[in-house]
>>> print(open('coords.txt').read())   # compact mmCIF, C-alpha atoms and all ligand atoms
# COMPACT_ATOMS: atom_id res chain seq x y z
CA MET A 1 53.96 -68.00 71.28
CA GLN A 2 53.00 -69.39 74.70
CA THR A 3 54.22 -72.85 73.90
CA ASP A 4 53.97 -73.95 77.54
CA THR A 5 50.18 -73.62 77.65
CA LEU A 6 49.36 -74.16 73.99
CA ALA A 7 49.10 -77.55 72.32
CA VAL A 8 48.79 -76.03 68.85
CA SER A 9 49.70 -72.54 67.72
CA THR A 10 49.79 -71.34 64.12
CA ARG A 11 50.52 -67.95 62.58
CA GLY A 12 49.79 -67.37 58.91
CA LEU A 13 50.01 -71.10 58.19
CA THR A 14 49.24 -71.47 54.47
CA LEU A 15 49.06 -74.22 51.87
CA ARG A 16 48.84 -73.73 48.14
CA TYR A 17 48.48 -76.39 45.48
CA GLY A 18 49.77 -74.47 42.47
CA ASP A 19 47.40 -71.53 41.99
CA PHE A 20 44.81 -72.95 44.40
CA THR A 21 45.01 -71.94 48.06
CA ALA A 22 43.71 -74.85 50.13
CA LEU A 23 44.55 -73.17 53.45
CA GLN A 24 44.37 -69.38 53.78
CA PRO A 25 46.78 -67.88 56.34
CA LEU A 26 45.67 -69.58 59.54
CA ASP A 27 46.09 -68.12 63.04
CA LEU A 28 44.91 -70.71 65.55
CA ASP A 29 45.71 -71.34 69.22
CA ILE A 30 44.50 -74.47 71.01
CA GLY A 31 45.24 -74.85 74.71
CA ARG A 32 46.73 -77.97 76.21
CA GLY A 33 44.10 -80.37 77.51
CA GLU A 34 41.39 -79.27 75.09
CA ILE A 35 39.22 -81.41 72.86
CA PHE A 36 39.08 -79.31 69.70
CA GLY A 37 36.48 -80.07 67.02
CA PHE A 38 37.37 -78.88 63.52
CA LEU A 39 34.31 -78.51 61.31
CA GLY A 40 33.85 -77.48 57.69
CA HIS A 41 32.30 -78.51 54.39
CA ASN A 42 33.88 -81.18 52.18
CA GLY A 43 37.05 -79.74 50.73
CA ALA A 44 37.25 -76.90 53.27
CA GLY A 45 40.87 -77.75 54.13
CA LYS A 46 40.58 -79.72 57.40
CA THR A 47 42.69 -82.69 56.30
CA THR A 48 45.21 -80.30 54.77
CA THR A 49 45.53 -78.55 58.15
CA ILE A 50 46.10 -81.82 60.00
CA ARG A 51 48.65 -82.96 57.41
CA LEU A 52 50.56 -79.72 57.88
CA LEU A 53 50.49 -79.93 61.69
CA THR A 54 51.65 -83.56 61.63
CA THR A 55 54.59 -82.75 59.27
CA LEU A 56 53.15 -84.86 56.46
CA MET A 57 53.14 -81.79 54.21
CA GLU A 58 55.33 -78.69 54.00
CA PRO A 59 53.47 -75.39 54.39
CA SER A 60 53.69 -72.79 51.66
CA GLY A 61 54.07 -70.13 54.35
CA GLY A 62 53.62 -69.25 58.00
CA THR A 63 54.73 -70.85 61.24
CA ALA A 64 53.33 -73.38 63.69
CA SER A 65 54.21 -75.20 66.87
CA VAL A 66 52.65 -78.39 68.21
CA ALA A 67 53.25 -79.58 71.79
CA GLY A 68 55.82 -76.81 72.08
CA CYS A 69 57.82 -78.04 69.06
CA ASP A 70 58.41 -75.73 66.14
CA LEU A 71 57.12 -77.15 62.86
CA ALA A 72 60.05 -75.88 60.83
CA HIS A 73 62.94 -76.47 63.21
CA ASN A 74 61.96 -79.28 65.56
CA ARG A 75 60.18 -81.80 63.38
CA ILE A 76 61.52 -84.98 64.96
CA ALA A 77 60.55 -83.93 68.48
CA LEU A 78 57.19 -82.81 67.13
CA ARG A 79 56.55 -86.23 65.56
CA ARG A 80 57.37 -87.94 68.85
CA ALA A 81 54.91 -85.70 70.69
CA ILE A 82 51.91 -86.38 68.45
CA GLY A 83 49.69 -89.23 67.41
CA TYR A 84 47.69 -89.31 64.18
CA LEU A 85 44.68 -91.38 63.21
CA PRO A 86 44.05 -90.75 59.49
CA GLU A 87 40.62 -91.32 57.97
CA ASN A 88 41.91 -94.42 56.19
CA VAL A 89 44.04 -96.31 58.68
CA ARG A 90 47.24 -97.82 57.30
CA LEU A 91 48.20 -101.12 58.89
CA TYR A 92 50.05 -104.24 57.74
CA ASP A 93 47.24 -106.56 56.65
CA THR A 94 49.25 -109.77 56.90
CA LEU A 95 50.29 -109.06 60.49
CA THR A 96 48.17 -109.50 63.60
CA THR A 97 47.04 -106.62 65.81
CA ARG A 98 49.79 -107.36 68.35
CA GLU A 99 52.46 -107.64 65.62
CA ASN A 100 51.37 -104.34 64.07
CA LEU A 101 51.44 -102.56 67.42
CA ARG A 102 54.79 -104.04 68.42
CA PHE A 103 56.21 -102.93 65.08
CA PHE A 104 54.99 -99.34 65.52
CA ALA A 105 56.07 -99.30 69.17
CA ALA A 106 59.57 -100.41 68.10
CA LEU A 107 59.66 -97.66 65.47
CA SER A 108 58.84 -95.16 68.21
CA ARG A 109 61.67 -96.62 70.33
CA ILE A 110 59.47 -97.17 73.36
CA GLU A 111 61.50 -98.81 76.11
CA ASP A 112 58.66 -100.89 77.56
CA ALA A 113 57.23 -101.65 74.11
CA ARG A 114 55.85 -105.13 74.82
CA ASP A 115 54.14 -104.16 78.07
CA ARG A 116 52.89 -100.93 76.56
CA VAL A 117 51.28 -102.75 73.62
CA GLU A 118 49.39 -105.03 76.01
CA GLU A 119 48.37 -102.02 78.10
CA VAL A 120 47.04 -100.10 75.09
CA MET A 121 45.08 -103.10 73.80
CA GLU A 122 43.50 -103.49 77.21
CA PHE A 123 42.76 -99.76 77.47
CA LEU A 124 40.94 -99.87 74.12
CA GLY A 125 39.26 -103.20 74.77
CA ILE A 126 40.85 -104.93 71.78
CA THR A 127 42.81 -107.69 73.52
CA ASP A 128 40.49 -110.22 71.84
CA LEU A 129 41.81 -108.99 68.48
CA ALA A 130 45.48 -109.37 69.48
CA ASP A 131 46.23 -112.54 67.50
CA ARG A 132 43.99 -111.89 64.52
CA ARG A 133 45.28 -110.63 61.20
CA ILE A 134 44.24 -107.15 60.13
CA ALA A 135 43.17 -108.42 56.67
CA THR A 136 40.04 -109.97 58.20
CA PHE A 137 38.94 -106.84 60.08
CA SER A 138 35.93 -104.59 59.52
CA LYS A 139 36.44 -100.84 59.20
CA GLY A 140 35.52 -100.30 62.86
CA MET A 141 38.00 -102.96 64.02
CA ARG A 142 40.77 -101.49 61.87
CA GLN A 143 40.01 -98.10 63.28
CA ARG A 144 40.41 -99.29 66.86
CA VAL A 145 43.78 -100.81 66.03
CA GLY A 146 44.69 -97.58 64.25
CA LEU A 147 43.84 -95.66 67.39
CA ALA A 148 46.02 -98.03 69.43
CA GLN A 149 48.84 -97.34 66.99
CA ALA A 150 48.28 -93.59 67.30
CA ILE A 151 48.56 -93.58 71.11
CA VAL A 152 51.04 -96.38 71.79
CA HIS A 153 53.92 -93.90 72.28
CA ARG A 154 51.89 -91.76 74.74
CA PRO A 155 51.57 -88.63 72.58
CA GLN A 156 50.72 -85.25 74.07
CA VAL A 157 48.51 -84.23 71.16
CA LEU A 158 46.30 -86.65 69.23
CA PHE A 159 45.05 -85.73 65.74
CA LEU A 160 42.06 -87.61 64.36
CA ASP A 161 40.66 -87.17 60.84
CA GLU A 162 36.93 -87.96 60.79
CA PRO A 163 37.30 -90.79 63.31
CA THR A 164 33.56 -91.56 63.42
CA SER A 165 33.24 -92.03 59.66
CA GLY A 166 31.90 -95.53 58.97
CA LEU A 167 31.39 -96.40 62.64
CA ASP A 168 28.10 -97.82 63.92
CA PRO A 169 26.36 -95.99 66.82
CA MET A 170 28.02 -98.22 69.41
CA GLY A 171 31.39 -97.58 67.79
CA VAL A 172 30.77 -93.83 67.92
CA ARG A 173 29.92 -94.02 71.61
CA GLN A 174 32.95 -96.21 72.41
CA LEU A 175 35.23 -93.82 70.54
CA ARG A 176 33.79 -90.87 72.44
CA GLU A 177 34.39 -92.60 75.77
CA VAL A 178 37.96 -93.50 74.82
CA LEU A 179 38.73 -89.94 73.72
CA GLU A 180 37.28 -88.57 76.94
CA ARG A 181 39.43 -90.99 78.98
CA LEU A 182 42.55 -90.00 77.06
CA ASN A 183 41.70 -86.35 77.54
CA ALA A 184 41.21 -86.92 81.28
CA GLN A 185 44.79 -88.24 81.32
CA GLY A 186 45.94 -84.90 79.87
CA MET A 187 46.02 -85.62 76.15
CA THR A 188 44.95 -82.81 73.85
CA ILE A 189 42.61 -83.98 71.09
CA PHE A 190 42.34 -82.30 67.65
CA MET A 191 39.49 -83.88 65.71
CA ASN A 192 38.22 -83.23 62.19
CA THR A 193 34.59 -84.18 62.02
CA HIS A 194 31.22 -83.67 60.35
CA LEU A 195 29.28 -85.01 63.33
CA LEU A 196 27.89 -81.94 65.08
CA SER A 197 26.34 -84.08 67.81
CA GLU A 198 29.75 -85.46 68.80
CA VAL A 199 31.26 -82.00 68.83
CA ALA A 200 28.45 -80.73 71.07
CA ARG A 201 28.94 -83.64 73.47
CA SER A 202 32.71 -83.94 73.67
CA CYS A 203 34.53 -80.83 72.50
CA SER A 204 35.70 -77.95 74.67
CA SER A 205 36.25 -75.68 71.68
CA ILE A 206 35.41 -75.64 68.00
CA GLY A 207 36.74 -74.14 64.81
CA VAL A 208 34.93 -73.86 61.50
CA LEU A 209 36.79 -73.75 58.20
CA SER A 210 35.19 -72.51 54.97
CA HIS A 211 37.13 -72.43 51.71
CA GLY A 212 40.39 -72.75 53.59
CA GLN A 213 39.56 -69.86 55.91
CA LEU A 214 38.89 -70.06 59.63
CA VAL A 215 35.48 -68.41 59.95
CA PHE A 216 34.78 -69.30 63.59
CA HIS A 217 36.74 -70.34 66.66
CA ASP A 218 35.42 -70.29 70.21
CA THR A 219 34.64 -72.39 73.26
CA ILE A 220 31.62 -74.68 73.31
CA GLU A 221 30.29 -72.73 76.32
CA THR A 222 30.26 -69.54 74.29
CA VAL A 223 28.51 -71.30 71.41
CA ASN A 224 25.84 -72.68 73.71
CA ALA A 225 25.43 -69.35 75.53
CA ARG A 226 25.17 -67.38 72.29
CA TYR A 227 22.75 -69.69 70.51
CA GLY A 228 21.07 -70.97 73.65
CA SER A 229 19.51 -74.22 72.41
CA GLU A 230 20.49 -77.79 71.86
CA GLU A 231 20.62 -77.07 68.12
CA ALA A 232 23.13 -74.30 68.88
CA LEU A 233 25.94 -75.85 66.95
CA GLU A 234 23.89 -76.57 63.84
CA GLU A 235 22.63 -72.98 63.88
CA LEU A 236 26.17 -71.71 64.22
CA TYR A 237 27.47 -73.97 61.45
CA LEU A 238 24.71 -72.97 59.04
CA SER A 239 25.28 -69.30 59.82
CA VAL A 240 28.98 -69.35 58.97
CA VAL A 241 29.04 -71.85 56.11
CA PRO A 242 26.89 -70.95 53.07
CA ASP A 243 24.04 -73.31 52.08
CA ARG A 244 25.55 -74.68 48.89
CA GLU A 245 28.60 -75.84 50.84
CA VAL A 246 26.50 -77.66 53.40
CA ALA A 247 24.86 -79.60 50.59
CA ALA A 248 28.19 -80.42 48.89
N1 LIG B 1 47.05 -82.97 46.05
C1 LIG B 1 46.16 -82.00 45.82
N2 LIG B 1 46.24 -81.21 44.74
C2 LIG B 1 45.36 -80.21 44.51
N3 LIG B 1 44.32 -79.92 45.34
C3 LIG B 1 44.18 -80.68 46.43
C4 LIG B 1 45.08 -81.75 46.74
N4 LIG B 1 44.69 -82.32 47.91
C5 LIG B 1 43.60 -81.63 48.31
N5 LIG B 1 43.30 -80.66 47.42
C6 LIG B 1 42.19 -79.70 47.51
O1 LIG B 1 42.38 -78.95 48.71
C7 LIG B 1 41.11 -78.64 49.28
C8 LIG B 1 41.10 -79.04 50.73
O2 LIG B 1 41.08 -80.46 50.81
P1 LIG B 1 41.00 -81.21 52.22
O3 LIG B 1 41.17 -82.67 51.94
O4 LIG B 1 41.94 -80.57 53.17
O5 LIG B 1 39.51 -80.90 52.66
P2 LIG B 1 38.65 -81.44 53.90
O6 LIG B 1 38.10 -80.25 54.61
O7 LIG B 1 39.46 -82.39 54.71
O8 LIG B 1 37.47 -82.20 53.17
P3 LIG B 1 36.58 -83.51 53.58
O9 LIG B 1 35.63 -83.06 54.65
O10 LIG B 1 35.88 -83.85 52.31
O11 LIG B 1 37.54 -84.58 54.02
C9 LIG B 1 40.05 -79.33 48.42
O12 LIG B 1 39.51 -78.39 47.53
C10 LIG B 1 40.84 -80.37 47.67
O13 LIG B 1 40.26 -80.63 46.42
>>> encode(input="coords.txt", output="structure tokens", more="lines below")
Ligand SMILES: Nc1ncnc2c1ncn2[C@@H]1O[C@H](COP(=O)(O)OP(=O)(O)OP(=O)(O)O)[C@@H](O)[C@H]1O
Amino acid sequence: MQTDTLAVSTRGLTLRYGDFTALQPLDLDIGRGEIFGFLGHNGAGKTTTIRLLTTLMEPSGGTASVAGCDLAHNRIALRRAIGYLPENVRLYDTLTTRENLRFFAALSRIEDARDRVEEVMEFLGITDLADRRIATFSKGMRQRVGLAQAIVHRPQVLFLDEPTSGLDPMGVRQLREVLERLNAQGMTIFMNTHLLSEVARSCSSIGVLSHGQLVFHDTIETVNARYGSEEALEELYLSVVPDREVAA
């Protein structure tokens, strides 16, 4: 594997729940510096893939490396090199934003933890939330703190699971701008999403999963060139994922 140029590389990565195969043997390479959009119907296996790549689950088979760290043999280094924003952010409700972020920064053993927490809050425009307790936050506010938590240790690869879910249009735009700024700083972004419009605007490459199988993977330029219209991505999606799954 070319771990120097690849942010994510999998070979035959598989996950079975008993008799059910949630992820068919997956071969996927994502270059460093990409914004990768991972599409697929509900239950296709997107979250399963992220949970495998972030070491939250053990694969049933295959190999993978993330940020140059082998999933099987270098898990601690891998965890240090990644950030993860799950769909449902887990924070300590009784603590304030600043307290939560300082706690997670300390867990990550960041040397300049206090300064870094202030820097991240400023970067994300959430300094006004610093002294407020998480318990009082809306979903969008929690999500911004969750993103701060996910990047506080300066990860190389950031995984996001449906980050736009539940956000209002302004929240979607702000998230897009933040992800683009992080990407401009060199961070690779791996994003599960159902929002085709966001993929078309932000992503450099896309993958489509159907029933645990990767049925498409290419650059956004190729998608646009092949389908040649602003609805290119929707056309592509509908062509590789059967109708009944789109409606699911
Ligand atoms: N603990 C589990 N035991 C058995 N099956 C599971 C378990 N967790 C997930 N699955 C199944 O694995 C498949 C993939 O689920 P996954 O959550 O990865 O899908 P997804 O693509 O992220 O879906 P969505 O878009 O709805 O979030 C689904 O069929 C799901 O029902």
>>> closest_atom_pairs(input="coords.txt", of="chain A", to="ligand LIG 1 (chain B)", cutoff="8 Å", atoms="only C-alpha atoms and all ligand atoms", output="JSON lines")
{"residue": "A:Tyr17", "atom": "CA", "partner": "B:LIG1", "partner_atom": "C2", "distance": 5.0}
{"residue": "A:Gly18", "atom": "CA", "partner": "B:LIG1", "partner_atom": "C2", "distance": 7.5}
{"residue": "A:Phe20", "atom": "CA", "partner": "B:LIG1", "partner_atom": "N3", "distance": 7.1}
{"residue": "A:Thr21", "atom": "CA", "partner": "B:LIG1", "partner_atom": "O1", "distance": 7.5}
{"residue": "A:Ala22", "atom": "CA", "partner": "B:LIG1", "partner_atom": "O1", "distance": 4.5}
{"residue": "A:Leu23", "atom": "CA", "partner": "B:LIG1", "partner_atom": "C8", "distance": 7.3}
{"residue": "A:Leu39", "atom": "CA", "partner": "B:LIG1", "partner_atom": "O6", "distance": 7.9}
{"residue": "A:Gly40", "atom": "CA", "partner": "B:LIG1", "partner_atom": "O6", "distance": 5.9}
{"residue": "A:His41", "atom": "CA", "partner": "B:LIG1", "partner_atom": "O9", "distance": 5.6}
{"residue": "A:Asn42", "atom": "CA", "partner": "B:LIG1", "partner_atom": "O10", "distance": 3.3}
{"residue": "A:Gly43", "atom": "CA", "partner": "B:LIG1", "partner_atom": "O5", "distance": 3.3}
{"residue": "A:Ala44", "atom": "CA", "partner": "B:LIG1", "partner_atom": "O6", "distance": 3.7}
{"residue": "A:Gly45", "atom": "CA", "partner": "B:LIG1", "partner_atom": "O4", "distance": 3.2}
{"residue": "A:Lys46", "atom": "CA", "partner": "B:LIG1", "partner_atom": "O6", "distance": 3.8}
{"residue": "A:Thr47", "atom": "CA", "partner": "B:LIG1", "partner_atom": "O7", "distance": 3.6}
{"residue": "A:Thr48", "atom": "CA", "partner": "B:LIG1", "partner_atom": "O4", "distance": 3.7}
{"residue": "A:Thr49", "atom": "CA", "partner": "B:LIG1", "partner_atom": "O4", "distance": 6.5}
{"residue": "A:Asp161", "atom": "CA", "partner": "B:LIG1", "partner_atom": "O7", "distance": 7.9}
{"residue": "A:Glu162", "atom": "CA", "partner": "B:LIG1", "partner_atom": "O11", "distance": 7.6}
{"residue": "A:Asn192", "atom": "CA", "partner": "B:LIG1", "partner_atom": "O7", "distance": 7.6}
{"residue": "A:Thr193", "atom": "CA", "partner": "B:LIG1", "partner_atom": "O9", "distance": 7.5}
{"residue": "A:His194", "atom": "CA", "partner": "B:LIG1", "partner_atom": "O9", "distance": 7.2}
{"residue": "A:Leu209", "atom": "CA", "partner": "B:LIG1", "partner_atom": "O6", "distance": 7.5}
{"residue": "A:His211", "atom": "CA", "partner": "B:LIG1", "partner_atom": "O12", "distance": 7.7}
{"residue": "A:Gly212", "atom": "CA", "partner": "B:LIG1", "partner_atom": "C8", "distance": 6.9}
>>> closest_residue(input="coords.txt", among="A:Leu107, A:Met57, A:Leu6, A:Thr14", to="A:Asp27", atoms="only C-alpha atoms")
A:Thr14
>>> residues_near_point(input="coords.txt", point="(60.8, -81.8, 57.8)", cutoff="9 Å", atoms="all atoms listed in the file", output="list in words")
Thr55, Leu56, Met57, Glu58, Leu71, Ala72, His73, Asn74, Arg75 and Ile76 of chain A
>>> closest_residue(input="coords.txt", among="A:Arg144, A:Val241, A:Arg201, A:Leu175", to="A:Leu214", atoms="only C-alpha atoms")
A:Val241
>>> atom_distance(input="coords.txt", atom1="atom CA of A:Thr5", atom2="atom CA of A:Ile151")
21.1 Å
>>> closest_residue(input="coords.txt", among="A:Val152, A:Ile126, A:Arg142, A:Leu52", to="A:Arg80", atoms="all atoms listed in the file")
A:Val152
>>> closest_residue(input="coords.txt", among="A:Ser202, A:Val89, A:Arg116, A:Gly207", to="A:Pro163", atoms="only C-alpha atoms")
A:Val89
>>> atom_distance(input="coords.txt", atom1="atom CA of A:Met170", atom2="atom CA of A:Gln149")
21.0 Å
>>> atom_distance(input="coords.txt", atom1="atom CA of A:Leu101", atom2="atom CA of A:Ala148")
7.3 Å
>>> decode(input="coords.txt", residues="stretch 92-119 of chain A", atoms="N, CA, C and O atoms", output="CSV table (one decimal), in the first residue's frame")
chain,number,residue,atom,x,y,z
A,92,TYR,N,-20.3,15.5,27.6
A,92,TYR,CA,-20.8,15.5,29.0
A,92,TYR,C,-21.7,16.7,29.2
A,92,TYR,O,-21.3,17.9,29.2
A,93,ASP,N,-23.0,16.4,29.3
A,93,ASP,CA,-24.1,17.4,29.4
A,93,ASP,C,-23.9,18.4,30.5
A,93,ASP,O,-24.3,19.5,30.4
A,94,THR,N,-23.4,17.9,31.6
A,94,THR,CA,-23.3,18.8,32.8
A,94,THR,C,-22.1,19.7,32.8
A,94,THR,O,-22.0,20.6,33.6
A,95,LEU,N,-21.2,19.5,31.8
A,95,LEU,CA,-20.0,20.3,31.6
A,95,LEU,C,-20.3,21.4,30.6
A,95,LEU,O,-21.1,21.3,29.7
A,96,THR,N,-19.5,22.5,30.7
A,96,THR,CA,-19.6,23.5,29.6
A,96,THR,C,-18.8,23.1,28.4
A,96,THR,O,-18.1,22.1,28.4
A,97,THR,N,-19.0,23.9,27.3
A,97,THR,CA,-18.2,23.6,26.1
A,97,THR,C,-16.7,23.6,26.4
A,97,THR,O,-16.0,22.6,26.0
A,98,ARG,N,-16.2,24.6,27.1
A,98,ARG,CA,-14.8,24.7,27.3
A,98,ARG,C,-14.3,23.5,28.2
A,98,ARG,O,-13.3,22.9,27.9
A,99,GLU,N,-15.1,23.1,29.2
A,99,GLU,CA,-14.7,22.0,30.1
A,99,GLU,C,-14.7,20.7,29.3
A,99,GLU,O,-13.8,19.9,29.4
A,100,ASN,N,-15.7,20.5,28.4
A,100,ASN,CA,-15.7,19.3,27.6
A,100,ASN,C,-14.4,19.3,26.7
A,100,ASN,O,-13.8,18.2,26.6
A,101,LEU,N,-14.1,20.4,26.1
A,101,LEU,CA,-13.0,20.4,25.1
A,101,LEU,C,-11.7,20.2,25.9
A,101,LEU,O,-10.8,19.5,25.4
A,102,ARG,N,-11.6,20.8,27.0
A,102,ARG,CA,-10.3,20.7,27.8
A,102,ARG,C,-10.2,19.2,28.3
A,102,ARG,O,-9.1,18.7,28.3
A,103,PHE,N,-11.3,18.6,28.6
A,103,PHE,CA,-11.2,17.2,29.0
A,103,PHE,C,-10.8,16.3,27.8
A,103,PHE,O,-9.8,15.5,28.0
A,104,PHE,N,-11.3,16.5,26.7
A,104,PHE,CA,-10.9,15.7,25.5
A,104,PHE,C,-9.5,16.0,25.1
A,104,PHE,O,-8.8,15.1,24.7
A,105,ALA,N,-9.1,17.3,25.2
A,105,ALA,CA,-7.7,17.7,24.8
A,105,ALA,C,-6.8,17.0,25.8
A,105,ALA,O,-5.7,16.5,25.4
A,106,ALA,N,-7.1,16.9,27.1
A,106,ALA,CA,-6.2,16.3,28.1
A,106,ALA,C,-6.1,14.8,27.8
A,106,ALA,O,-5.0,14.2,27.8
A,107,LEU,N,-7.3,14.2,27.4
A,107,LEU,CA,-7.2,12.7,27.0
A,107,LEU,C,-6.3,12.5,25.9
A,107,LEU,O,-5.6,11.5,25.8
A,108,SER,N,-6.2,13.4,24.9
A,108,SER,CA,-5.4,13.3,23.8
A,108,SER,C,-3.9,13.7,24.1
A,108,SER,O,-3.1,13.7,23.2
A,109,ARG,N,-3.7,14.1,25.3
A,109,ARG,CA,-2.3,14.5,25.7
A,109,ARG,C,-1.7,15.6,24.9
A,109,ARG,O,-0.6,15.5,24.5
A,110,ILE,N,-2.5,16.6,24.6
A,110,ILE,CA,-2.0,17.8,23.8
A,110,ILE,C,-1.3,18.7,24.7
A,110,ILE,O,-1.7,19.0,25.8
A,111,GLU,N,-0.1,19.0,24.3
A,111,GLU,CA,0.8,19.8,25.2
A,111,GLU,C,0.2,21.2,25.5
A,111,GLU,O,0.2,21.7,26.6
A,112,ASP,N,-0.3,21.9,24.4
A,112,ASP,CA,-0.8,23.2,24.5
A,112,ASP,C,-2.3,23.2,24.7
A,112,ASP,O,-3.0,24.0,24.0
A,113,ALA,N,-2.8,22.3,25.5
A,113,ALA,CA,-4.3,22.0,25.5
A,113,ALA,C,-5.1,23.2,25.7
A,113,ALA,O,-6.1,23.4,24.9
A,114,ARG,N,-4.8,24.1,26.7
A,114,ARG,CA,-5.7,25.2,27.0
A,114,ARG,C,-5.7,26.2,25.8
A,114,ARG,O,-6.8,26.6,25.4
A,115,ASP,N,-4.5,26.5,25.3
A,115,ASP,CA,-4.5,27.4,24.1
A,115,ASP,C,-5.2,26.8,22.9
A,115,ASP,O,-5.9,27.5,22.2
A,116,ARG,N,-5.0,25.5,22.7
A,116,ARG,CA,-5.6,24.9,21.6
A,116,ARG,C,-7.1,24.9,21.6
A,116,ARG,O,-7.8,25.1,20.6
A,117,VAL,N,-7.6,24.7,22.8
A,117,VAL,CA,-9.1,24.7,23.0
A,117,VAL,C,-9.6,26.1,22.6
A,117,VAL,O,-10.6,26.2,21.9
A,118,GLU,N,-9.0,27.1,23.0
A,118,GLU,CA,-9.4,28.5,22.7
A,118,GLU,C,-9.3,28.7,21.2
A,118,GLU,O,-10.2,29.3,20.6
A,119,GLU,N,-8.2,28.2,20.6
A,119,GLU,CA,-8.0,28.3,19.2
A,119,GLU,C,-9.1,27.6,18.3
A,119,GLU,O,-9.7,28.2,17.4
